[in-house]
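Worksheet: one structure, shown below.
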Amino acid sequence: MRTLIRQSKRTICSLRRPQGINLLERLQMTWSRPSSLDCSHPGSSHATGKTADGLQAPHGGKLVDLTFQGDVAALKASCQHTFECSDRNACDVELLCNGYVSNYPVIHIFREDDDLRRKRSPHRGIVFFMITLLLLLILSLSSSSSFSFLLCSGFSPLEGFMNEEDYNSVVEKMRLSNGLLFGLPVVMDTNCTAVKAGDKVLLTYKGKDIGVMTVETKWEPNKVLEAKNCYATTSLEHPAVRMISMERGKFYLGGPVVGLAKPDREFEAQTPREVRANLPRDKDVVAFQCRNPIHRAHYELFTRALDAENVGQGGVVLVHPTMGPTQEDDIPGDVRYKTYVVLKEETQDPRVRWAYLPYSMHMAGPREAIQHMIIRKNYGCTHFIVGRDMAGCKSSLSGDDFYGAYDAQDTAKANAPELGMDTVPSLNIVYTEEQGYVTDDVAKANGLHVLKLSGTQFRKMLRGGEDIPEWFAFKSVVKVLRENS
């Protein structure tokens with residue numbers, strides 16, 4: 001009997017659960033939480049913008065679960081077309097349908113049972129029966145979708161790629177056709193003339209089946225208008241204008257999507273549900289968006305954000321880098337990911353949470369700020385740090401900025417109340433010989449000597465093998481960049 005108990009404990013302990021949340025707490029959370037994280041559920045409040053478990057309400061009121069529960073082979077067989085997704089398409093599909101594996105995956109139990117079988121334990125059948133009963137108990141306390149392979153959207157409330165009506169509304173008004181705020185269009189593109197409304201399309205990425213789209217509408221977009229309204233320019237010097245003009249196909253497709261699997265990537269992209277499961281309840285969560293390696297000034301910036309007047313006690317920062325395609329001269333995503341991993345290990349700050357976002361940057365300035373706020377709201381964030389010239393870019397000919405330095409901040413601040421979020425302005429942090437990192441106004445007021453190192457100088461020193469000042473960059477990050485240069 002003692003052997004049976006030890007085996008049962010070992011099997012139960014193999015169940016993966018969110019850090020800092022024990023099994024009883026998890027059961028209590030799932031008992032009180034609807035499967036869709038619907039903030040209209042009794043016990044939650046539209047006024048406070050909280051779900052029943054004390055987290056930020058998702059955009060539009062609930063996280064959309066795009067789960068396919070049925071015969072996958074039959075679904076694939078019903079498809080008339082197969083589209084191989086670009087990197088950007090794959091990011092959109094993954095954000096629409098983030099594959100979510102249970103926090104208590106059954107596969108772990110079967111593996112443990114295999115171990116028991118190899119040991120030829122006389123109690124293996126009893127152990128498996130006991131564990132099955134435990135799982136049935138857990139499932140009875142939660143919706144079945146919460147403990148199966150389900151799909152929850154970082155682009156909630158979208159249930160697929162935007163149809164023509166929603167696309168036109170977002171381009172013209174920065175809103176879906178139902179009036180809900182949305183920063184940028186989310187569409188599937190193609191040059192295929194044969195595909196038509198009503199067709200099903202199997203979506204693949206690097207040969208792997210990741211989803212199925214049912215085509216609702218097909219149209220030839222006015223890309224000039226899209227560029228002008230979304231990116232404030234029609235110049236091909238803007239990376240997103242080049243993208244929609246030269247990379248995207250002639251036609252756009254809109255319609256619902258169901259997900260089959262996550263794309264294979266160098267990094268693990270946690271879903272909104274997974275991130276939310278590790279956030280503190282009834283506390284502020286400040287999102288920090290970045291697309292580059294994090295250096296000392298960045299770290300000072302987002303940790304000091306917790307001291308902002310509109311951030312409550314006990315809040316945390318969610319460092320949430322975008323890992324999809326960015327600008328051509330940016331550091332590749334797999335290298336950036338490695339820098340984040342070593343920095344997380346080096347700092348081990350309990351106030352800082354880390355997750356990685358499969359999002360493709362548009363460099364759309366003000367509109368992209370709104371898009372990022374919506375996505376981070378779906379991941380459970382209450383606040384968003386808006387940097388100076390956020391998601392901005394420059395003309396490749398004149399060097400002029402496409403957006404004003406504070407356009408993104410102003411747009412974010414103006415729309416924050418409607419989104420149910422707060423903005424935290426990005427502090428201008430500088431390093432001084434006398435006091436280390438301080439804000440620029442403090443340095444000026446006290447006549448402190450500011451040390452500077454430009455990005456160009458840093459990259460030159462990195463290539464030349466020169467010592468990088470520790471006040472500027474973390475040693476672990478520099479090591480990764482040098483090893484992968």
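Residues are named by chain letter and number: chains run A, B, ... in the order of the structure tokens, numbers start at 1 in each chain, and ligands are numbered from 1 in the order shown.
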
Using only C-alpha atoms, determine which residues lie at most 9 Å from Asp199 of chain A, disregarding the query and same-chain residues fewer than 3 positions distant; provide the list as a ChimeraX atom specification.
/A:78-81,195-196,213-216

Please save C-alpha atoms of the selected residues as a short mmCIF file (atom, residue, chain, number, x, y, z; two decimals), in the first residue's frame.
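Now in part.cif:
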```cif
data_model
loop_
_atom_site.label_atom_id
_atom_site.label_comp_id
_atom_site.auth_asym_id
_atom_site.auth_seq_id
_atom_site.Cartn_x
_atom_site.Cartn_y
_atom_site.Cartn_z
CA SER A 78 -13.02 19.25 -46.76
CA CYS A 79 -10.48 21.94 -47.69
CA GLN A 80 -10.36 23.00 -51.32
CA HIS A 81 -7.05 24.87 -51.00
CA VAL A 195 -10.36 30.62 -54.03
CA LYS A 196 -13.86 31.98 -53.41
CA MET A 213 -10.01 29.08 -42.57
CA THR A 214 -13.52 29.29 -44.01
CA VAL A 215 -13.55 32.07 -46.60
CA GLU A 216 -16.38 34.51 -45.94
#
```

When DSSP is applied to the backbone of this structure, which of segment 126-365 of chain A are assigned strand (DSSP E)? Write them out as a count of residues only.
44

Within 8 Å of Trp354 of chain A using only C-alpha atoms, minus same-chain residues under 3 positions, as a PyMOL selection string
chain A and resi 318-320+344

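Atom pair atom CA of Leu419 of chain A / atom CA of Gly404 of chain A has a distance of 22.8 Å (rounded to one decimal).
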
Determine, counting only C-alpha atoms, which protein, DNA and RNA residues have an atom within 10 Å of an atom of Gly447 of chain A; residues of the same chain fewer than 6 positions away are not included. Present the result as number ranges by chain.
A: 432, 434, 441

Would you output that residue set with N, CA and C atoms, as a compact mmCIF listing (two decimals), in the first residue's frame?
```txt
# COMPACT_ATOMS: atom_id res chain seq x y z
N THR A 432 24.35 58.62 -14.90
CA THR A 432 25.25 59.69 -14.47
C THR A 432 26.40 59.10 -13.66
N GLU A 434 27.70 60.39 -11.05
CA GLU A 434 27.55 60.65 -9.61
C GLU A 434 26.48 59.77 -8.95
N ASP A 441 15.44 64.92 -16.07
CA ASP A 441 15.19 66.20 -15.39
C ASP A 441 15.97 66.31 -14.09
```

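Counting from atom CA of Glu220 of chain A, the distance to atom CA of Asp87 of chain A is 21.8 Å.
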
Just the residues within 6 Å of Val286 of chain A, please, counting only C-alpha atoms, with nothing from its chain fewer than 5 positions along; format it as a ChimeraX atom specification.
/A:317-318,381,383-384

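Shortest atom-to-atom contact with Thr423 of chain A among A:Phe288, A:Tyr359, A:Phe402, A:Phe472: A:Phe288, counting only C-alpha atoms.
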
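If only C-alpha atoms are the atoms counted, then among A:Arg304, A:Thr382, A:Gly254, A:Thr233 the closest residue to Asn428 of chain A is A:Arg304.
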